[in-house]
Amino acid sequence: MPAKRISLALVVAFAFVAAAAQQPDLLHRGADYPGAAAFPELGTMTIVYPAGKGEPVERNRRSAEARARWLAAVYKAKVEVAPDDHVSEAQRAGNLLILGWSNRIWDTLEIEKPFQHGPEGLGFLGLAEADPDVDLLLFHRNPVGSSSFLLFWSRIDPGRDRFQVIPRVGSDWAMYSDYLVLRQGMFKPAQAWPPARSPSAEGDHTRAAAERARRQATLESKSYRALFDGSAFQEPEVREILATREAALAKAVAAIGAPPEGFRITLHLFDTVENKKLATGVADPAHSLPAKRSIFLVRPHARSASPHEEVHVLAELLYGQCVSSGLYEGLALAVENSWRGDPLEWHAARMRSEGRFPPLADLLDEQTLRALPEDRGLLGTAIFVAWLRGAQGAEAVRKIYALPEVGLPSVAKALGTSESALESTFLAWVDAQVTARRADLDFDAAEAEAQRRQRVGDWPGMAAALQKALAARPGDAQTLFNLASAQMRADALDAAEGNLKKLLEAPLQAADSRFRIFGHYQLGRVYDLEGKRESALAEYRRVLELPDEHGAHELARQRIAAPATPEHLE
C-alpha cells in the first residue's frame with residue numbers, strides 16, 4: 001500500500017481546518033468546502049465507542065484503537081480513545097469521532113440524536129431508508145464546543161474497517177451501502193442543533209442503484225448465484241464464468257476446507273472497472289464481502305481461475321473474521337503461491353538477497369504494513385503465510401487468522417513459540433531460498449545491470465554484464481543473442497560471430513525458433529561489417545529458407561539488396 005501524494009482535496013481540507021480554528025463561525029463557505037473530508041486533519045480528537053450493556057465492548061474498543069493508530073500514523077493526529085460512559089468534560093467539548101448506532105454519547109452531550117435506527121431501517125432528518133444495513137456518516141460543528149467538530153460514523157466492523165477506516169466524502173452527511181454512497185448532502189450553515197439539511201445541495205443515487213437492479217439478470221450454478229447486466233453479458237458467457245468460478249472454489253476448498261452443505265456465493269459481474277465502481281463504490285477490479293458471501297468481479301477477473309476472492313470468503317466462514325490486511329491478503333496469495341506471475345519462494349529469495357525483506361514485526365503491524373509498498377508489505381506477509389502453511393500446516397494459519405489483535409507477540413503466542421524463535425525460523429527458511437536460487441538471482445542481477453548499461457549506450461558494459469548472466473545460466477538463447485548484439489555495437493565482431501555460431505549450433509526448443517531465424521540474420525550483418533559479403537549473403541538466404549517471423553524475410557531481402565553498415569545497428 002504505497003503512500004499517496006497529497007491531493008487538492010486535502011490541501012483544501014488543511015486550509016479549512018486552519019480557517020475554522022481562527023473563525024469559529026466558519027462552517028460552510030465557498031465551493032471548496034471539504035465537508036467530512038476535513039475531519040482527519042483537525043489534529044486532536046477523541047474517538048468514542050459504545051460500551052453499554054449487551055455491546056461487544058472489546059470489539060468496539062479494538063476498532064476505536066485501530067482507527068486511532070491510523071489517524072496518528074497517517075495524519076499525525078493526537079487521538080484519545082474513550083468508552084461512551086467515560087468521556088470527560090474537556091473531551092466532550094473537543095473534536096469527537098462517534099462510532100456506532102448505539103453510542104450513548106448523545107445522552108452525555110444532552111442533545112437530540114439526529115437519526116433513528118432499528119430493524120425497520122434508518123430515519124435521518126426527514127429522510128427514510130428501509131434497509132437497516134445502510135450506514136450513516138455525519139459531520140457538523142460540535143454543539144457543546146463552539147470551535148470543535150464532531151463526526152459520526154455508524155459502522156463498527158473490523159473486516160470492512162480495514163478497507164474503509166473512515167469514509168472520505170466532501171459533504172456533511174452521507175448514507176452508505178457497504179462502500180457505495182447512496183445519498184449525500186450538506187447542512188444549512190448554522191451552529192443550531194439538530195442540523196438542518198440543505199435540499200438544494202443533495203445527491204440521491206438510489207434511483208441509479210434501482211435502475212441497475214432493474215437491468216440485472218440472474219443465473220445459478222451449484223455454488224454460485226450470478227447477478228449481471230443482461231445487456232453486457234450473454235447467458236453462454238455467464239455459464240462459462242460460473243464453471244470457471246466453480247473450479248476456483250474447488251481450489252479454495254482444497255486449501256481452506258469444505259463449506260457446509262448448501263453454501264452459496266453471490267457473484268456480481270461487471271463489464272468494466274468504471275461500472276463496478278458506480279455499482280459498489282470500489283474501483284478495484286475484484287473485491288469481496290466475506291461476511292455476506294459476496295464476490296464482485298470485472299469480466300477478465302471473473303474468467304480467471306484464480307481462487308483469490310473465494311479464499312477470502314471461505315477463510316472467514318471457516319477461520320473467522322480477519323482484522324489484519326496482511327493475513328487477509330497474504331492467505332489468498334499463499335494459496336495461489338504466486339505474485340505477478342512468479343512463485344512466492346522466488347520473491348522471498350530476491351527480496352532477502354537485496355536486503356528488502358521487512359522484519360516480521362512490521363509485516364504483522366497494520367499501520368506499518370500500510371506504509372510499506374505492496375511488493376514488500378503484502379508480498380512479505382504472503383511469503384510468511386505460505387511458509388507457515390508449508391511448515392506447520394493449515395491449522396497453524398487458522399490459529400492466527402482470526403486473532404482479535406494481530407502483532408508479532410500475539411501471533412507467536414498463538415503458535416506456541418517465542419517472537420525471536422518464530423522470526424529466526426522463518427528467516428532461516430527465507431535464507432534457504434536464497435541459497436537454492438543463487439544462480440537465478442545472479443542471472444537477474446546481471447540482466448538488470450545489462451539493461452541499465454543499454455539505456456545509456458554503454459555497449460562494452462552491457463556485454464560484460466551479459467557475460468555474467470551467461471555464467472549464471474549457461475547456454476541461455478536469449479542471453480547469447482543479446483550478448484552478440486551488444487558485442488556488435490561495441491565493435492567486438494569476432495566475439496559476436498563466435499556467440500552467434502554457438503547459438504545456431506545449440507539444440508533450440510520450438511518456442512525459441514526466432515533465435516535461429518534472427519541468429520542467421522545477425523550473423524549475416526556481422527559478416528557484412530567484417531567485409532565478408534558472400535558469407536553474409538549466404539546467411540540472409542538461410543533466413544529466407546526459414547519461417548517468416550516478425551518480418552525477418554523483409555529484413556533479409558533489404559540486406560541482400562544492400563550490405564549492413566554500422567549505421568544499421570542504431
# chains A, B, ... in the order shown; residues from 1 in each chain; ligands from 1
call {"tool": "residues_around", "arguments": {"residues": "region 175-178 of chain A", "least_positions_apart": "4", "cutoff": "12 Å", "atoms": "only C-alpha atoms", "output": "PyMOL selection string"}}
result
chain A and resi 115+121-124+127-138+152-157+159-161+163-164+166-169+171+182-185+202-206+209+279-282+288-289+291-292+294
call {"tool": "select_by_dssp", "arguments": {"residues": "region 122-351 of chain A", "states": "strand (DSSP E or B)", "output": "mmCIF file with C-alpha atoms, in the first residue's frame"}}
result
data_model
loop_
_atom_site.group_PDB
_atom_site.id
_atom_site.type_symbol
_atom_site.label_atom_id
_atom_site.label_comp_id
_atom_site.auth_asym_id
_atom_site.auth_seq_id
_atom_site.Cartn_x
_atom_site.Cartn_y
_atom_site.Cartn_z
ATOM 1 C CA LEU A 122 -32.952 4.449 9.168
ATOM 2 C CA GLY A 123 -34.651 7.778 9.704
ATOM 3 C CA PHE A 124 -32.467 10.847 9.295
ATOM 4 C CA LEU A 127 -35.228 11.004 5.099
ATOM 5 C CA ALA A 128 -36.245 7.367 5.438
ATOM 6 C CA GLU A 129 -34.211 4.365 4.324
ATOM 7 C CA ASP A 135 -24.725 3.220 7.310
ATOM 8 C CA LEU A 136 -24.667 6.941 8.136
ATOM 9 C CA LEU A 137 -21.815 9.463 8.159
ATOM 10 C CA LEU A 138 -22.449 12.889 9.700
ATOM 11 C CA PHE A 139 -20.126 15.883 10.104
ATOM 12 C CA HIS A 140 -21.080 19.076 11.972
ATOM 13 C CA ARG A 141 -19.849 21.582 14.468
ATOM 14 C CA PHE A 149 -16.428 19.421 15.335
ATOM 15 C CA LEU A 150 -17.976 16.010 15.549
ATOM 16 C CA LEU A 151 -18.006 13.172 13.057
ATOM 17 C CA PHE A 152 -20.463 10.318 13.492
ATOM 18 C CA TRP A 153 -19.902 7.017 11.685
ATOM 19 C CA TRP A 173 -23.548 13.661 5.542
ATOM 20 C CA ALA A 174 -23.791 10.503 3.511
ATOM 21 C CA MET A 175 -25.612 7.185 3.587
ATOM 22 C CA TYR A 176 -23.566 4.161 2.590
ATOM 23 C CA SER A 177 -24.400 0.683 1.392
ATOM 24 C CA LEU A 180 -21.226 2.848 -2.031
ATOM 25 C CA VAL A 181 -22.693 6.301 -1.320
ATOM 26 C CA LEU A 182 -26.484 6.113 -1.740
ATOM 27 C CA ARG A 183 -27.336 9.652 -0.653
ATOM 28 C CA GLN A 184 -25.268 12.633 0.409
ATOM 29 C CA GLY A 185 -25.711 16.317 1.102
ATOM 30 C CA MET A 186 -24.909 19.465 3.027
ATOM 31 C CA PHE A 187 -26.352 21.109 6.099
ATOM 32 C CA ARG A 197 -30.447 19.617 5.629
ATOM 33 C CA SER A 198 -29.941 21.835 2.591
ATOM 34 C CA PRO A 199 -32.179 20.237 -0.100
ATOM 35 C CA SER A 200 -30.540 22.265 -2.870
ATOM 36 C CA ALA A 201 -27.165 20.651 -2.097
ATOM 37 C CA GLU A 202 -28.024 16.951 -2.039
ATOM 38 C CA GLY A 203 -27.375 13.973 -4.236
ATOM 39 C CA ASP A 204 -29.700 10.982 -4.384
ATOM 40 C CA GLN A 216 -29.965 -7.206 -13.530
ATOM 41 C CA ALA A 217 -30.292 -10.795 -14.691
ATOM 42 C CA THR A 218 -29.639 -13.939 -12.650
ATOM 43 C CA LEU A 219 -28.069 -17.297 -13.410
ATOM 44 C CA GLU A 220 -27.151 -20.047 -10.967
ATOM 45 C CA TYR A 224 -22.993 -19.521 -7.135
ATOM 46 C CA ARG A 225 -25.794 -17.121 -7.892
ATOM 47 C CA ALA A 226 -24.576 -14.737 -10.594
ATOM 48 C CA LEU A 227 -26.017 -11.225 -10.904
ATOM 49 C CA PHE A 228 -25.153 -9.310 -14.088
ATOM 50 C CA ASP A 229 -26.316 -6.675 -16.538
ATOM 51 C CA ILE A 265 -21.742 -17.317 -3.086
ATOM 52 C CA THR A 266 -23.406 -14.321 -4.708
ATOM 53 C CA LEU A 267 -21.306 -13.402 -7.729
ATOM 54 C CA HIS A 268 -21.651 -9.824 -9.040
ATOM 55 C CA LEU A 269 -20.298 -9.429 -12.581
ATOM 56 C CA PHE A 270 -19.274 -6.192 -14.300
ATOM 57 C CA ALA A 286 -12.032 -7.593 -7.789
ATOM 58 C CA HIS A 287 -13.184 -7.487 -4.195
ATOM 59 C CA SER A 288 -15.376 -9.461 -1.834
ATOM 60 C CA LEU A 289 -17.560 -9.056 1.225
ATOM 61 C CA SER A 294 -20.432 -11.917 -1.991
ATOM 62 C CA ILE A 295 -17.759 -11.540 -4.672
ATOM 63 C CA PHE A 296 -17.543 -8.648 -7.152
ATOM 64 C CA LEU A 297 -15.536 -9.193 -10.348
ATOM 65 C CA VAL A 298 -14.840 -7.418 -13.611
ATOM 66 C CA SER A 338 2.254 -16.504 -6.845
ATOM 67 C CA TRP A 339 2.859 -12.778 -7.099
ATOM 68 C CA ASP A 342 6.413 -15.679 -10.140
ATOM 69 C CA PRO A 343 6.411 -18.134 -7.197
#
call {"tool": "select_by_dssp", "arguments": {"residues": "region 197-446 of chain A", "states": "helix (DSSP H, G or I)", "output": "number ranges by chain"}}
result
A: 206-214, 235-256, 273-280, 290-292, 299-302, 308-318, 325-336, 344-353, 360-363, 366-371, 377-392, 394-401, 408-414, 419-436, 438-446
call {"tool": "atom_distance", "arguments": {"atom1": "CA of Trp387 (chain A)", "atom2": "CA of Pro259 (chain A)"}}
result
24.5 Å
call {"tool": "atom_distance", "arguments": {"atom1": "CA of Leu327 (chain A)", "atom2": "CA of Ile256 (chain A)"}}
result
13.8 Å
call {"tool": "residues_around", "arguments": {"residues": "region 375-382 of chain A", "least_positions_apart": "2", "cutoff": "9 Å", "atoms": "only C-alpha atoms", "output": "VMD selection string"}}
result
chain A and resid 1 325 to 327 329 to 334 337 339 344 347 to 348 351 356 to 358 360 362 to 364 368 to 373 384 to 387
call {"tool": "write_last_selection", "arguments": {"atoms": "N, CA and C atoms", "output": "JSON list (two decimals), in the first residue's frame"}}
result
[["chain", "number", "residue", "atom", "x", "y", "z"],
["A", 1, "MET", "N", 0.83, -1.19, 0.00],
["A", 1, "MET", "CA", 0.00, 0.00, 0.00],
["A", 1, "MET", "C", 0.87, 1.24, 0.00],
["A", 325, "SER", "N", -4.81, -6.77, 7.43],
["A", 325, "SER", "CA", -4.73, -6.74, 5.96],
["A", 325, "SER", "C", -3.68, -7.71, 5.44],
["A", 326, "GLY", "N", -2.58, -7.82, 6.17],
["A", 326, "GLY", "CA", -1.52, -8.72, 5.74],
["A", 326, "GLY", "C", -1.96, -10.17, 5.73],
["A", 327, "LEU", "N", -2.59, -10.63, 6.81],
["A", 327, "LEU", "CA", -3.03, -12.02, 6.86],
["A", 327, "LEU", "C", -4.19, -12.27, 5.90],
["A", 329, "GLU", "N", -4.94, -10.70, 2.93],
["A", 329, "GLU", "CA", -4.45, -10.84, 1.56],
["A", 329, "GLU", "C", -3.36, -11.90, 1.46],
["A", 330, "GLY", "N", -2.56, -12.03, 2.51],
["A", 330, "GLY", "CA", -1.46, -12.97, 2.48],
["A", 330, "GLY", "C", -1.92, -14.41, 2.31],
["A", 331, "LEU", "N", -3.03, -14.79, 2.96],
["A", 331, "LEU", "CA", -3.53, -16.15, 2.81],
["A", 331, "LEU", "C", -3.96, -16.42, 1.38],
["A", 332, "ALA", "N", -4.68, -15.48, 0.79],
["A", 332, "ALA", "CA", -5.12, -15.68, -0.60],
["A", 332, "ALA", "C", -3.94, -15.81, -1.54],
["A", 333, "LEU", "N", -2.91, -14.97, -1.35],
["A", 333, "LEU", "CA", -1.72, -15.06, -2.20],
["A", 333, "LEU", "C", -0.94, -16.35, -1.93],
["A", 334, "ALA", "N", -0.93, -16.78, -0.68],
["A", 334, "ALA", "CA", -0.22, -18.01, -0.34],
["A", 334, "ALA", "C", -0.87, -19.22, -0.99],
["A", 337, "ASN", "N", 0.20, -19.12, -4.32],
["A", 337, "ASN", "CA", 1.66, -19.24, -4.33],
["A", 337, "ASN", "C", 2.28, -18.47, -5.49],
["A", 339, "TRP", "N", 2.97, -14.23, -7.11],
["A", 339, "TRP", "CA", 2.86, -12.78, -7.10],
["A", 339, "TRP", "C", 3.34, -12.28, -8.45],
["A", 344, "LEU", "N", 6.17, -17.44, -4.90],
["A", 344, "LEU", "CA", 6.50, -16.67, -3.71],
["A", 344, "LEU", "C", 7.91, -16.99, -3.21],
["A", 347, "HIS", "N", 10.32, -14.75, -4.95],
["A", 347, "HIS", "CA", 10.28, -13.39, -4.42],
["A", 347, "HIS", "C", 10.96, -13.31, -3.05],
["A", 348, "ALA", "N", 10.79, -14.36, -2.24],
["A", 348, "ALA", "CA", 11.44, -14.36, -0.93],
["A", 348, "ALA", "C", 12.95, -14.29, -1.10],
["A", 351, "MET", "N", 13.95, -10.67, -2.50],
["A", 351, "MET", "CA", 13.85, -9.60, -1.50],
["A", 351, "MET", "C", 14.95, -9.72, -0.45],
["A", 356, "ARG", "N", 15.76, -6.25, 1.21],
["A", 356, "ARG", "CA", 14.49, -5.53, 1.26],
["A", 356, "ARG", "C", 13.42, -6.29, 2.04],
["A", 357, "PHE", "N", 13.79, -7.38, 2.71],
["A", 357, "PHE", "CA", 12.76, -8.15, 3.41],
["A", 357, "PHE", "C", 12.46, -7.49, 4.76],
["A", 358, "PRO", "N", 11.21, -7.05, 4.96],
["A", 358, "PRO", "CA", 10.88, -6.34, 6.22],
["A", 358, "PRO", "C", 10.93, -7.28, 7.42],
["A", 360, "LEU", "N", 9.55, -9.25, 10.57],
["A", 360, "LEU", "CA", 8.24, -9.89, 10.73],
["A", 360, "LEU", "C", 7.31, -9.01, 11.57],
["A", 362, "ASP", "N", 7.05, -5.84, 11.45],
["A", 362, "ASP", "CA", 6.45, -4.83, 10.56],
["A", 362, "ASP", "C", 5.36, -5.44, 9.71],
["A", 363, "LEU", "N", 5.55, -6.67, 9.26],
["A", 363, "LEU", "CA", 4.55, -7.33, 8.41],
["A", 363, "LEU", "C", 3.27, -7.61, 9.18],
["A", 364, "LEU", "N", 3.38, -7.76, 10.50],
["A", 364, "LEU", "CA", 2.20, -8.11, 11.29],
["A", 364, "LEU", "C", 1.60, -6.91, 12.01],
["A", 368, "THR", "N", 2.17, -0.15, 10.14],
["A", 368, "THR", "CA", 3.47, -0.25, 9.48],
["A", 368, "THR", "C", 3.32, -0.89, 8.11],
["A", 369, "LEU", "N", 2.49, -1.91, 8.04],
["A", 369, "LEU", "CA", 2.24, -2.59, 6.76],
["A", 369, "LEU", "C", 1.64, -1.63, 5.75],
["A", 370, "ARG", "N", 0.70, -0.81, 6.19],
["A", 370, "ARG", "CA", 0.06, 0.14, 5.27],
["A", 370, "ARG", "C", 1.07, 1.11, 4.66],
["A", 371, "ALA", "N", 2.12, 1.41, 5.39],
["A", 371, "ALA", "CA", 3.12, 2.37, 4.92],
["A", 371, "ALA", "C", 4.13, 1.75, 3.96],
["A", 372, "LEU", "N", 4.15, 0.42, 3.89],
["A", 372, "LEU", "CA", 5.11, -0.26, 3.02],
["A", 372, "LEU", "C", 4.56, -0.41, 1.61],
["A", 373, "PRO", "N", 5.42, -0.36, 0.59],
["A", 373, "PRO", "CA", 4.95, -0.69, -0.77],
["A", 373, "PRO", "C", 4.40, -2.12, -0.80],
["A", 384, "PHE", "N", 5.31, -15.10, 4.38],
["A", 384, "PHE", "CA", 5.25, -15.64, 5.74],
["A", 384, "PHE", "C", 4.13, -16.66, 5.86],
["A", 385, "VAL", "N", 2.94, -16.33, 5.36],
["A", 385, "VAL", "CA", 1.80, -17.25, 5.46],
["A", 385, "VAL", "C", 2.08, -18.53, 4.66],
["A", 386, "ALA", "N", 2.67, -18.38, 3.47],
["A", 386, "ALA", "CA", 3.00, -19.56, 2.66],
["A", 386, "ALA", "C", 3.98, -20.46, 3.41],
["A", 387, "TRP", "N", 4.99, -19.84, 4.04],
["A", 387, "TRP", "CA", 5.94, -20.63, 4.83],
["A", 387, "TRP", "C", 5.23, -21.34, 5.98]]
